[in-house]
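Asker: Take a look at this one; I'll ask things after.
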Amino acid sequence: MTFVVTENCIKCKYTDCVEVCPVDCFHEGPNFLAIDPEECIDCTLCEPECPVEAIVAEDDLPEDQADFLQLNAELAAEWPVITEIKKPPEDADEWADKPNKRELLER
């Protein structure tokens, strides 16, 4: 099993989760983070660190977010690894919990 970054991360991109990851499975894009499912060891450390609850265990993925499992794998293969906390976007709090952000995902 792996953990999955879901839609709620889009345009929020808090990076609290990356610092606790023992295997460096997070990858950073312009306005989203992705978890490499091949690297994730299901340690559960990242999930409680996300202030917008955008990280979900694969088995707990809501049906409307199921495609994020494959999307995380694809984006992790394209984007560089991130291991240190960075300052979130200035408007991150404004984007937290907003629905229908998929079309705003930048590759």
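Identifiers in this document derive from the order of the structure tokens: chains are assigned A, B, ..., residues are numbered from 1 separately in each chain, and ligands are numbered from 1 in order of occurrence.
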When DSSP works through the backbone of this structure, what residues of region 25-92 of chain A end up as alpha helix (DSSP H), shown as a ChimeraX atom specification?
Answerer: /A:67-78,92
Asker: Point out the residue among A:Ile10, A:Glu63, A:Cys25, A:Phe3 with the least atom-to-atom distance to Asp42 (chain A), counting only C-alpha atoms.
Answerer: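 Under the stated criterion, the closest residue is A:Phe3.
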Asker: Find the residue from A:Asn31, A:Gln65, A:Thr44, A:Thr2 that sits nearest to Glu90 (chain A); use only C-alpha atoms when measuring.
Answerer: A:Asn31
Asker: Quick one: of A:Leu104, A:Ile82, A:Ala54, A:Cys43, who's nearest to Glu19 (chain A), counting only C-alpha atoms?
Answerer: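 The shortest atom-to-atom distance to Glu19 (chain A) comes from A:Ile82.
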Asker: When you look at region 67-80 of chain A with a cut-off of 7 Å (counting only C-alpha atoms), what residues show up, excluding the ones that are within fewer than 2 positions of it in the same chain? I need them as a list in words.
Answerer: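 Neighbouring residues, sequence-local ones excluded: Val4, Val5, Thr6, His27, Glu28, Gly29, Ala34, Ile35, Asp36, Pro37, Gln65 and Ile82 of chain A.
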Asker: Would you put the residues from that selection into a file with N, CA, C and O atoms, as a PDB file, in the first residue's frame?
Answerer:
```
ATOM      1  N   VAL A   4      -1.264   8.648  -0.863  1.00  0.00           N
ATOM      2  CA  VAL A   4      -1.551   9.370  -2.094  1.00  0.00           C
ATOM      3  C   VAL A   4      -1.839  10.832  -1.762  1.00  0.00           C
ATOM      4  O   VAL A   4      -2.605  11.125  -0.839  1.00  0.00           O
ATOM      5  N   VAL A   5      -1.246  11.729  -2.536  1.00  0.00           N
ATOM      6  CA  VAL A   5      -1.561  13.143  -2.408  1.00  0.00           C
ATOM      7  C   VAL A   5      -2.778  13.395  -3.295  1.00  0.00           C
ATOM      8  O   VAL A   5      -2.796  13.009  -4.463  1.00  0.00           O
ATOM      9  N   THR A   6      -3.790  14.020  -2.733  1.00  0.00           N
ATOM     10  CA  THR A   6      -5.057  14.214  -3.434  1.00  0.00           C
ATOM     11  C   THR A   6      -5.265  15.679  -3.843  1.00  0.00           C
ATOM     12  O   THR A   6      -4.424  16.532  -3.603  1.00  0.00           O
ATOM     13  N   HIS A  27       7.745  14.208  -4.360  1.00  0.00           N
ATOM     14  CA  HIS A  27       8.255  14.913  -5.532  1.00  0.00           C
ATOM     15  C   HIS A  27       7.480  16.207  -5.664  1.00  0.00           C
ATOM     16  O   HIS A  27       6.271  16.245  -5.416  1.00  0.00           O
ATOM     17  N   GLU A  28       8.178  17.263  -6.094  1.00  0.00           N
ATOM     18  CA  GLU A  28       7.571  18.590  -6.135  1.00  0.00           C
ATOM     19  C   GLU A  28       7.361  19.087  -7.549  1.00  0.00           C
ATOM     20  O   GLU A  28       8.273  19.101  -8.369  1.00  0.00           O
ATOM     21  N   GLY A  29       6.131  19.535  -7.794  1.00  0.00           N
ATOM     22  CA  GLY A  29       5.797  20.201  -9.038  1.00  0.00           C
ATOM     23  C   GLY A  29       5.498  21.661  -8.760  1.00  0.00           C
ATOM     24  O   GLY A  29       5.649  22.130  -7.630  1.00  0.00           O
ATOM     25  N   ALA A  34       3.647  15.098  -5.110  1.00  0.00           N
ATOM     26  CA  ALA A  34       3.252  13.738  -5.469  1.00  0.00           C
ATOM     27  C   ALA A  34       4.093  12.757  -4.663  1.00  0.00           C
ATOM     28  O   ALA A  34       5.243  13.032  -4.330  1.00  0.00           O
ATOM     29  N   ILE A  35       3.499  11.606  -4.377  1.00  0.00           N
ATOM     30  CA  ILE A  35       4.201  10.529  -3.678  1.00  0.00           C
ATOM     31  C   ILE A  35       4.507   9.428  -4.676  1.00  0.00           C
ATOM     32  O   ILE A  35       3.617   8.970  -5.399  1.00  0.00           O
ATOM     33  N   ASP A  36       5.754   8.995  -4.704  1.00  0.00           N
ATOM     34  CA  ASP A  36       6.150   7.875  -5.553  1.00  0.00           C
ATOM     35  C   ASP A  36       5.693   6.585  -4.875  1.00  0.00           C
ATOM     36  O   ASP A  36       6.209   6.231  -3.809  1.00  0.00           O
ATOM     37  N   PRO A  37       4.732   5.873  -5.466  1.00  0.00           N
ATOM     38  CA  PRO A  37       4.217   4.667  -4.820  1.00  0.00           C
ATOM     39  C   PRO A  37       5.248   3.541  -4.722  1.00  0.00           C
ATOM     40  O   PRO A  37       5.118   2.660  -3.877  1.00  0.00           O
ATOM     41  N   GLN A  65     -11.471  10.486  -5.927  1.00  0.00           N
ATOM     42  CA  GLN A  65     -10.047  10.823  -5.905  1.00  0.00           C
ATOM     43  C   GLN A  65      -9.174   9.646  -6.354  1.00  0.00           C
ATOM     44  O   GLN A  65      -7.947   9.745  -6.337  1.00  0.00           O
ATOM     45  N   ILE A  82      11.721  16.158  -3.244  1.00  0.00           N
ATOM     46  CA  ILE A  82      11.784  17.258  -2.283  1.00  0.00           C
ATOM     47  C   ILE A  82      11.918  16.644  -0.894  1.00  0.00           C
ATOM     48  O   ILE A  82      11.199  15.708  -0.550  1.00  0.00           O
TER      49      ILE A  82
END
```
Asker: According to DSSP computed on the backbone, where in chain A is there strand (DSSP E or B)? Give the residues as a PyMOL selection string.
Answerer: chain A and resi 3-5+26-28+33-35+55-57+81
Asker: Hey, can you spit out that residue selection with C-alpha atoms as a compact mmCIF listing (two decimals), in the first residue's frame?
Answerer:
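After the write, part_32.txt holds the following:
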```txt
# COMPACT_ATOMS: atom_id res chain seq x y z
CA PHE A 3 -0.13 7.02 0.52
CA VAL A 4 -1.55 9.37 -2.09
CA VAL A 5 -1.56 13.14 -2.41
CA PHE A 26 7.82 13.11 -2.23
CA HIS A 27 8.26 14.91 -5.53
CA GLU A 28 7.57 18.59 -6.14
CA LEU A 33 3.29 17.38 -4.42
CA ALA A 34 3.25 13.74 -5.47
CA ILE A 35 4.20 10.53 -3.68
CA ILE A 55 -2.64 12.84 2.03
CA VAL A 56 -4.69 9.66 2.18
CA ALA A 57 -3.86 5.98 2.45
CA VAL A 81 12.46 14.77 -5.08
```
Asker: Between A:Val52, A:Cys21, A:Arg107, A:Ile41, which has the minimum distance to Trp95 (chain A) (counting only C-alpha atoms)?
Answerer: A:Val52
